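File shown: final23.txt (compact mmCIF, C-alpha atoms).
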# COMPACT_ATOMS: atom_id res chain seq x y z
CA MET A 30 20.47 18.09 0.29
CA LEU A 31 17.06 17.52 -1.31
CA TRP A 32 18.07 15.01 -3.95
CA ALA A 33 21.20 13.34 -2.53
CA VAL A 34 20.66 13.31 1.25
CA LEU A 35 16.95 13.59 2.00
CA PRO A 36 16.01 10.31 0.21
CA TYR A 37 18.33 8.34 2.49
CA LEU A 38 17.03 10.14 5.57
CA ALA A 39 13.48 9.17 4.56
CA VAL A 40 14.49 5.52 4.15
CA ALA A 41 16.31 5.60 7.49
CA SER A 42 13.16 6.92 9.13
CA LEU A 43 11.14 4.18 7.45
CA VAL A 44 13.42 1.35 8.58
CA GLY A 45 14.26 2.72 12.03
CA GLY A 46 10.70 3.81 12.76
CA THR A 47 9.31 0.44 11.75
CA ILE A 48 11.75 -1.40 14.05
CA TRP A 49 10.97 0.97 16.92
CA ARG A 50 7.22 0.62 16.37
CA ARG A 51 7.50 -3.15 16.31
CA ARG A 52 9.41 -3.26 19.60
CA HIS A 53 7.63 -0.56 21.60
CA ASP A 54 4.11 -0.40 20.15
CA ARG A 55 3.18 -4.00 19.48
CA SER A 56 -0.47 -3.43 20.43
CA GLY A 57 -0.82 -0.57 17.97
CA TRP A 58 1.00 -2.31 15.13
CA THR A 59 -2.15 -3.38 13.31
CA THR A 60 -4.98 -1.08 12.31
CA LYS A 61 -8.02 -1.16 14.59
CA SER A 62 -11.00 -3.04 13.18
CA SER A 63 -13.88 -0.67 12.47
CA GLU A 64 -15.89 -2.58 9.89
CA ILE A 65 -19.13 -2.25 11.87
CA TYR A 66 -19.08 1.53 11.29
CA GLY A 67 -20.01 2.76 7.82
CA ARG A 68 -19.89 -0.72 6.33
CA THR A 69 -21.59 0.38 3.10
CA ILE A 70 -19.00 3.06 2.30
CA LEU A 71 -16.14 0.86 3.46
CA GLY A 72 -17.25 -1.99 1.20
CA VAL A 73 -16.84 0.26 -1.84
CA ALA A 74 -14.06 2.64 -0.80
CA GLY A 75 -11.72 0.00 0.66
CA PRO A 76 -11.29 -2.20 -2.43
CA LEU A 77 -11.40 0.84 -4.75
CA PHE A 78 -8.54 2.56 -2.94
CA ARG A 79 -6.40 -0.55 -2.44
CA TYR A 80 -6.59 -1.83 -6.02
CA ALA A 81 -6.08 1.64 -7.48
CA LEU A 82 -3.08 2.23 -5.19
CA ALA A 83 -1.60 -1.10 -6.30
CA PHE A 84 -1.80 0.04 -9.95
CA VAL A 85 -0.27 3.41 -9.00
CA ILE A 86 2.69 1.69 -7.35
CA LEU A 87 3.06 -0.67 -10.32
CA GLY A 88 3.08 2.30 -12.68
CA HIS A 89 5.86 3.97 -10.68
CA VAL A 90 7.92 0.78 -10.77
CA LEU A 91 7.54 0.43 -14.54
CA GLY A 92 8.27 4.10 -15.17
CA LEU A 93 11.21 4.60 -12.81
CA VAL A 94 12.94 1.22 -12.62
CA ILE A 95 12.74 0.07 -16.24
CA PRO A 96 15.06 2.15 -18.49
CA GLU A 97 13.73 3.79 -21.62
CA SER A 98 16.05 1.71 -23.81
CA TRP A 99 14.43 -1.50 -22.57
CA THR A 100 10.93 -0.47 -23.66
CA ARG A 101 12.27 0.58 -27.05
CA SER A 102 14.04 -2.77 -27.42
CA ALA A 103 10.75 -4.48 -26.62
CA GLY A 104 9.13 -2.67 -29.55
CA VAL A 105 7.16 -0.13 -27.50
CA ALA A 106 7.33 3.27 -29.17
CA ASP A 107 7.63 6.41 -27.05
CA THR A 108 4.23 7.67 -28.20
CA THR A 109 2.60 4.36 -27.30
CA TYR A 110 4.27 4.32 -23.91
CA ARG A 111 3.16 7.89 -23.26
CA GLN A 112 -0.45 7.12 -24.17
CA ILE A 113 -0.55 4.00 -21.99
CA SER A 114 1.02 5.91 -19.12
CA MET A 115 -1.40 8.80 -19.46
CA ILE A 116 -4.56 6.68 -19.66
CA GLY A 117 -3.56 4.10 -17.05
CA GLY A 118 -2.01 6.61 -14.67
CA THR A 119 -4.95 9.01 -14.87
CA VAL A 120 -7.54 6.28 -14.28
CA ALA A 121 -5.59 4.76 -11.38
CA GLY A 122 -4.92 8.17 -9.82
CA VAL A 123 -8.54 9.31 -10.03
CA MET A 124 -9.77 6.02 -8.59
CA ALA A 125 -7.27 6.20 -5.72
CA LEU A 126 -8.28 9.80 -4.96
CA ALA A 127 -11.97 8.88 -5.02
CA GLY A 128 -11.43 5.92 -2.71
CA LEU A 129 -9.32 8.00 -0.33
CA ALA A 130 -11.94 10.77 -0.26
CA MET A 131 -14.63 8.24 0.64
CA LEU A 132 -12.47 6.73 3.39
CA VAL A 133 -11.72 10.16 4.87
CA HIS A 134 -15.43 11.08 4.72
CA ARG A 135 -16.30 7.89 6.60
CA ARG A 136 -13.63 8.60 9.20
CA ARG A 137 -14.82 12.19 9.67
CA THR A 138 -18.53 11.31 9.99
CA SER A 139 -18.16 8.28 12.28
CA GLY A 140 -17.49 9.23 15.89
CA PRO A 141 -15.80 6.01 17.09
CA VAL A 142 -13.60 5.87 13.98
CA LEU A 143 -12.66 9.54 14.29
CA SER A 144 -11.74 9.14 17.95
CA ALA A 145 -9.22 6.41 16.99
CA THR A 146 -7.51 8.72 14.47
CA THR A 147 -4.22 10.19 15.68
CA ARG A 148 -2.55 13.43 14.64
CA HIS A 149 0.00 11.47 12.64
CA ASP A 150 -2.84 9.76 10.79
CA ARG A 151 -4.37 13.11 9.88
CA LEU A 152 -1.02 14.30 8.54
CA MET A 153 -0.66 11.04 6.66
CA TYR A 154 -4.01 11.56 4.91
CA VAL A 155 -2.91 15.05 3.82
CA LEU A 156 0.42 13.79 2.47
CA LEU A 157 -1.12 10.76 0.80
CA GLY A 158 -3.86 12.78 -0.83
CA GLY A 159 -1.37 15.46 -1.88
CA SER A 160 0.98 12.89 -3.37
CA LEU A 161 -1.82 11.25 -5.36
CA LEU A 162 -3.12 14.59 -6.57
CA LEU A 163 0.31 15.82 -7.63
CA GLY A 164 1.06 12.51 -9.35
CA THR A 165 -2.21 12.62 -11.27
CA LEU A 166 -1.53 16.19 -12.35
CA CYS A 167 1.97 15.19 -13.49
CA THR A 168 0.49 12.40 -15.55
CA ILE A 169 -2.11 14.61 -17.21
CA VAL A 170 0.20 17.58 -17.79
CA ALA A 171 3.39 15.78 -18.79
CA ASN A 172 1.93 12.94 -20.83
CA GLY A 173 -0.80 15.08 -22.36
CA ASN A 174 -0.54 18.03 -24.68
CA VAL A 175 -0.25 20.70 -21.98
CA ALA A 176 3.48 20.57 -21.25
CA PRO A 177 5.05 17.29 -22.45
CA TYR A 178 8.03 16.19 -20.37
CA ASP A 179 9.93 12.89 -20.47
CA TYR A 180 10.69 12.08 -16.84
CA ARG A 181 12.52 8.92 -17.88
CA LEU A 182 15.50 11.02 -18.95
CA THR A 183 15.99 12.74 -15.59
CA ILE A 184 13.91 11.47 -12.66
CA ALA A 185 14.21 7.78 -13.54
CA PRO A 186 18.07 7.79 -13.77
CA TRP A 187 18.23 9.82 -10.54
CA PHE A 188 15.94 7.30 -8.82
CA ARG A 189 17.96 4.30 -9.98
CA GLY A 190 21.15 6.03 -8.88
CA LEU A 191 19.86 6.11 -5.30
CA PHE A 192 19.93 2.31 -5.16
CA LEU A 193 23.46 2.26 -6.58
CA LEU A 194 24.52 4.79 -3.90
CA ARG A 195 25.48 7.20 -6.68
CA PRO A 196 22.72 9.82 -6.70
CA ASP A 197 23.19 12.51 -9.34
CA ALA A 198 21.46 15.59 -7.97
CA SER A 199 22.17 17.55 -11.16
CA LEU A 200 19.57 15.44 -12.99
CA MET A 201 16.85 17.05 -10.86
CA ALA A 202 17.91 20.62 -11.64
CA SER A 203 15.82 20.95 -14.81
CA VAL A 204 12.82 18.94 -13.55
CA PRO A 205 9.53 20.92 -13.50
CA VAL A 206 8.34 22.17 -10.14
CA LEU A 207 5.26 19.96 -10.21
CA TYR A 208 7.42 16.84 -10.37
CA LYS A 209 9.74 18.11 -7.65
CA LEU A 210 6.80 18.69 -5.31
CA HIS A 211 5.49 15.20 -6.05
CA VAL A 212 8.87 13.65 -5.18
CA LEU A 213 9.29 15.71 -2.00
CA VAL A 214 5.80 14.89 -0.73
CA GLY A 215 6.46 11.23 -1.50
CA MET A 216 9.66 11.28 0.56
CA ALA A 217 7.83 12.95 3.45
CA LEU A 218 5.18 10.22 3.28
CA ILE A 219 7.87 7.52 3.37
CA ALA A 220 9.49 9.13 6.43
CA LEU A 221 6.13 9.35 8.25
CA PHE A 222 5.01 5.88 7.16
CA PRO A 223 5.99 3.84 10.27
CA PHE A 224 4.33 6.30 12.67
CA THR A 225 0.85 6.02 11.13
CA ARG A 226 -1.71 3.28 10.59
CA LEU A 227 -0.09 2.54 7.22
CA VAL A 228 2.44 0.41 9.07
CA HIS A 229 -0.17 -2.34 9.34
CA VAL A 230 0.79 -3.47 5.82
CA PHE A 231 3.85 -5.07 7.45
CA ALA A 232 1.59 -7.03 9.80
CA ALA A 233 0.23 -9.33 7.10
CA PRO A 234 0.17 -12.93 8.40
CA TRP A 235 2.67 -14.29 5.86
CA SER A 236 3.66 -17.11 8.23
CA TYR A 237 0.13 -18.48 7.96
CA VAL A 238 0.78 -19.43 4.33
CA PHE A 239 3.88 -21.46 5.18
CA ARG A 240 2.73 -23.02 8.46
CA PRO A 241 2.37 -26.83 8.61
CA SER A 242 -1.09 -28.17 8.00
CA ILE A 243 -3.23 -29.10 10.98
CA VAL A 244 -4.86 -32.52 10.78
CA TYR A 245 -7.96 -33.10 12.84
CA ARG A 246 -8.70 -36.76 13.70
CA THR A 247 -10.40 -38.66 16.50
CA PRO A 248 -7.91 -40.02 19.06
CA GLU A 249 -7.74 -43.81 19.21
CA ARG A 250 -8.64 -43.91 22.91
CA TRP A 251 -11.91 -42.18 22.10
CA ALA A 252 -12.73 -44.23 19.03
CA ALA A 253 -14.21 -47.07 21.13
CA ARG A 254 -16.56 -44.67 22.92
CA VAL A 255 -17.97 -43.22 19.74
CA ARG A 256 -21.28 -44.86 18.96
CA ALA A 257 -22.23 -45.79 15.45
CA PRO A 258 -24.56 -43.12 14.02
CA ARG A 259 -28.19 -44.15 13.83
CA ARG A 260 -30.29 -43.68 10.77
CA GLY A 261 -32.06 -40.36 10.73
CA TRP A 262 -35.55 -41.92 10.50
CA ALA A 263 -35.04 -44.42 13.30
CA LEU A 264 -37.44 -44.09 16.23
CA LEU A 265 -35.97 -43.10 19.55
CA GLY A 266 -36.60 -45.66 22.31
CA ARG A 267 -37.83 -44.71 25.76
CA ARG A 268 -35.56 -44.81 28.76
Can I see the file as structure tokens?
Amino acid sequence: MLWAVLPYLAVASLVGGTIWRRRHDRSGWTTKSSEIYGRTILGVAGPLFRYALAFVILGHVLGLVIPESWTRSAGVADTTYRQISMIGGTVAGVMALAGLAMLVHRRRTSGPVLSATTRHDRLMYVLLGGSLLLGTLCTIVANGNVAPYDYRLTIAPWFRGLFLLRPDASLMASVPVLYKLHVLVGMALIALFPFTRLVHVFAAPWSYVFRPSIVYRTPERWAARVRAPRRGWALLGRR
């Protein structure tokens, strides 16, 4: 149930919830602008959290989607991969946690911002912070010298099997508890995603990039009425 059914239920909640939110909550689709409150903290915490989260997502894609045989064929040794994963994952995770802590502090200390925070948003902050914390601990413990564990032999094949509709739940049987908690919290976050302010990432104005250009020119019927500009130092005559 946990490793062969729950992932698909989380994705179904993501897709179905996003469609429902788009149809029935169009006004709440985008996040409310609150830049005038705590602008100093927001100017630091916002970019810090977003860029760090982008590196965290990229690290998950590289670690789970790309098979271990591909990195070896590219000449990347397992020890080198482990060191890069540990350093990059730890730095990105700590930065994301720091940015999230600053954003939560701003939301808690600013009355107008706090009043716009829903119960689902509060739960989302707990799940997001828990997922980042568990992921950072997995990176430090597994890729360090505490308890080395190669997740690319179990979690990565299980993850790729979900997309092939052939999930092998037996691969998750021997996975350490810390990793299992990280995966379960991540699935809960995916299921809750469309019912929080995180859904605003789907509201990016992508159509603006592909829209036809707007050309501004003076209509011909007005061209005759436009007077020739006078020189800036010319004296103005009296009426």
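Shortest separation to Leu129 in chain A among A:Ile48, A:Leu163, A:Ala106, A:Leu71 occurs at residue A:Leu71, atoms counted being all atoms listed in the file.
As for CA of Val204 in chain A and CA of Val170 in chain A, they are spaced 13.4 Å apart.
Considering all atoms listed in the file, the residue among A:Gly122, A:Pro196, A:Pro186, A:Pro96 positioned nearest to Leu161 in chain A is A:Gly122.
Across the structure, CA of Gly190 in chain A and CA of Leu35 in chain A are spaced 13.9 Å apart.
Straight-line separation from CA of Tyr180 in chain A to CA of Leu38 in chain A: 23.4 Å.
Comparing the minimum interatomic distances between Ile169 in chain A and each of A:Thr146, A:Ser98, A:Thr69, A:Ser114, counting only C-alpha atoms, we find that A:Ser114 sits nearest.
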Around the point (8.4, 12.0, -20.5) in the file's coordinates, collect all residues with an atom within 12 Å, using all atoms listed in the file, and return them as a JSON list (two decimals) with C-alpha atoms, keeping the file's coordinate frame.
[["chain", "number", "residue", "atom", "x", "y", "z"],
["A", 92, "GLY", "CA", 8.27, 4.10, -15.17],
["A", 93, "LEU", "CA", 11.21, 4.60, -12.81],
["A", 97, "GLU", "CA", 13.73, 3.79, -21.62],
["A", 107, "ASP", "CA", 7.63, 6.41, -27.05],
["A", 108, "THR", "CA", 4.23, 7.67, -28.20],
["A", 109, "THR", "CA", 2.60, 4.36, -27.30],
["A", 110, "TYR", "CA", 4.27, 4.32, -23.91],
["A", 111, "ARG", "CA", 3.16, 7.89, -23.26],
["A", 112, "GLN", "CA", -0.45, 7.12, -24.17],
["A", 114, "SER", "CA", 1.02, 5.91, -19.12],
["A", 115, "MET", "CA", -1.40, 8.80, -19.46],
["A", 167, "CYS", "CA", 1.97, 15.19, -13.49],
["A", 168, "THR", "CA", 0.49, 12.40, -15.55],
["A", 169, "ILE", "CA", -2.11, 14.61, -17.21],
["A", 170, "VAL", "CA", 0.20, 17.58, -17.79],
["A", 171, "ALA", "CA", 3.39, 15.78, -18.79],
["A", 172, "ASN", "CA", 1.93, 12.94, -20.83],
["A", 173, "GLY", "CA", -0.80, 15.08, -22.36],
["A", 174, "ASN", "CA", -0.54, 18.03, -24.68],
["A", 176, "ALA", "CA", 3.48, 20.57, -21.25],
["A", 177, "PRO", "CA", 5.05, 17.29, -22.45],
["A", 178, "TYR", "CA", 8.03, 16.19, -20.37],
["A", 179, "ASP", "CA", 9.93, 12.89, -20.47],
["A", 180, "TYR", "CA", 10.69, 12.08, -16.84],
["A", 181, "ARG", "CA", 12.52, 8.92, -17.88],
["A", 182, "LEU", "CA", 15.50, 11.02, -18.95],
["A", 183, "THR", "CA", 15.99, 12.74, -15.59],
["A", 184, "ILE", "CA", 13.91, 11.47, -12.66],
["A", 185, "ALA", "CA", 14.21, 7.78, -13.54],
["A", 204, "VAL", "CA", 12.82, 18.94, -13.55],
["A", 205, "PRO", "CA", 9.53, 20.92, -13.50],
["A", 208, "TYR", "CA", 7.42, 16.84, -10.37]]
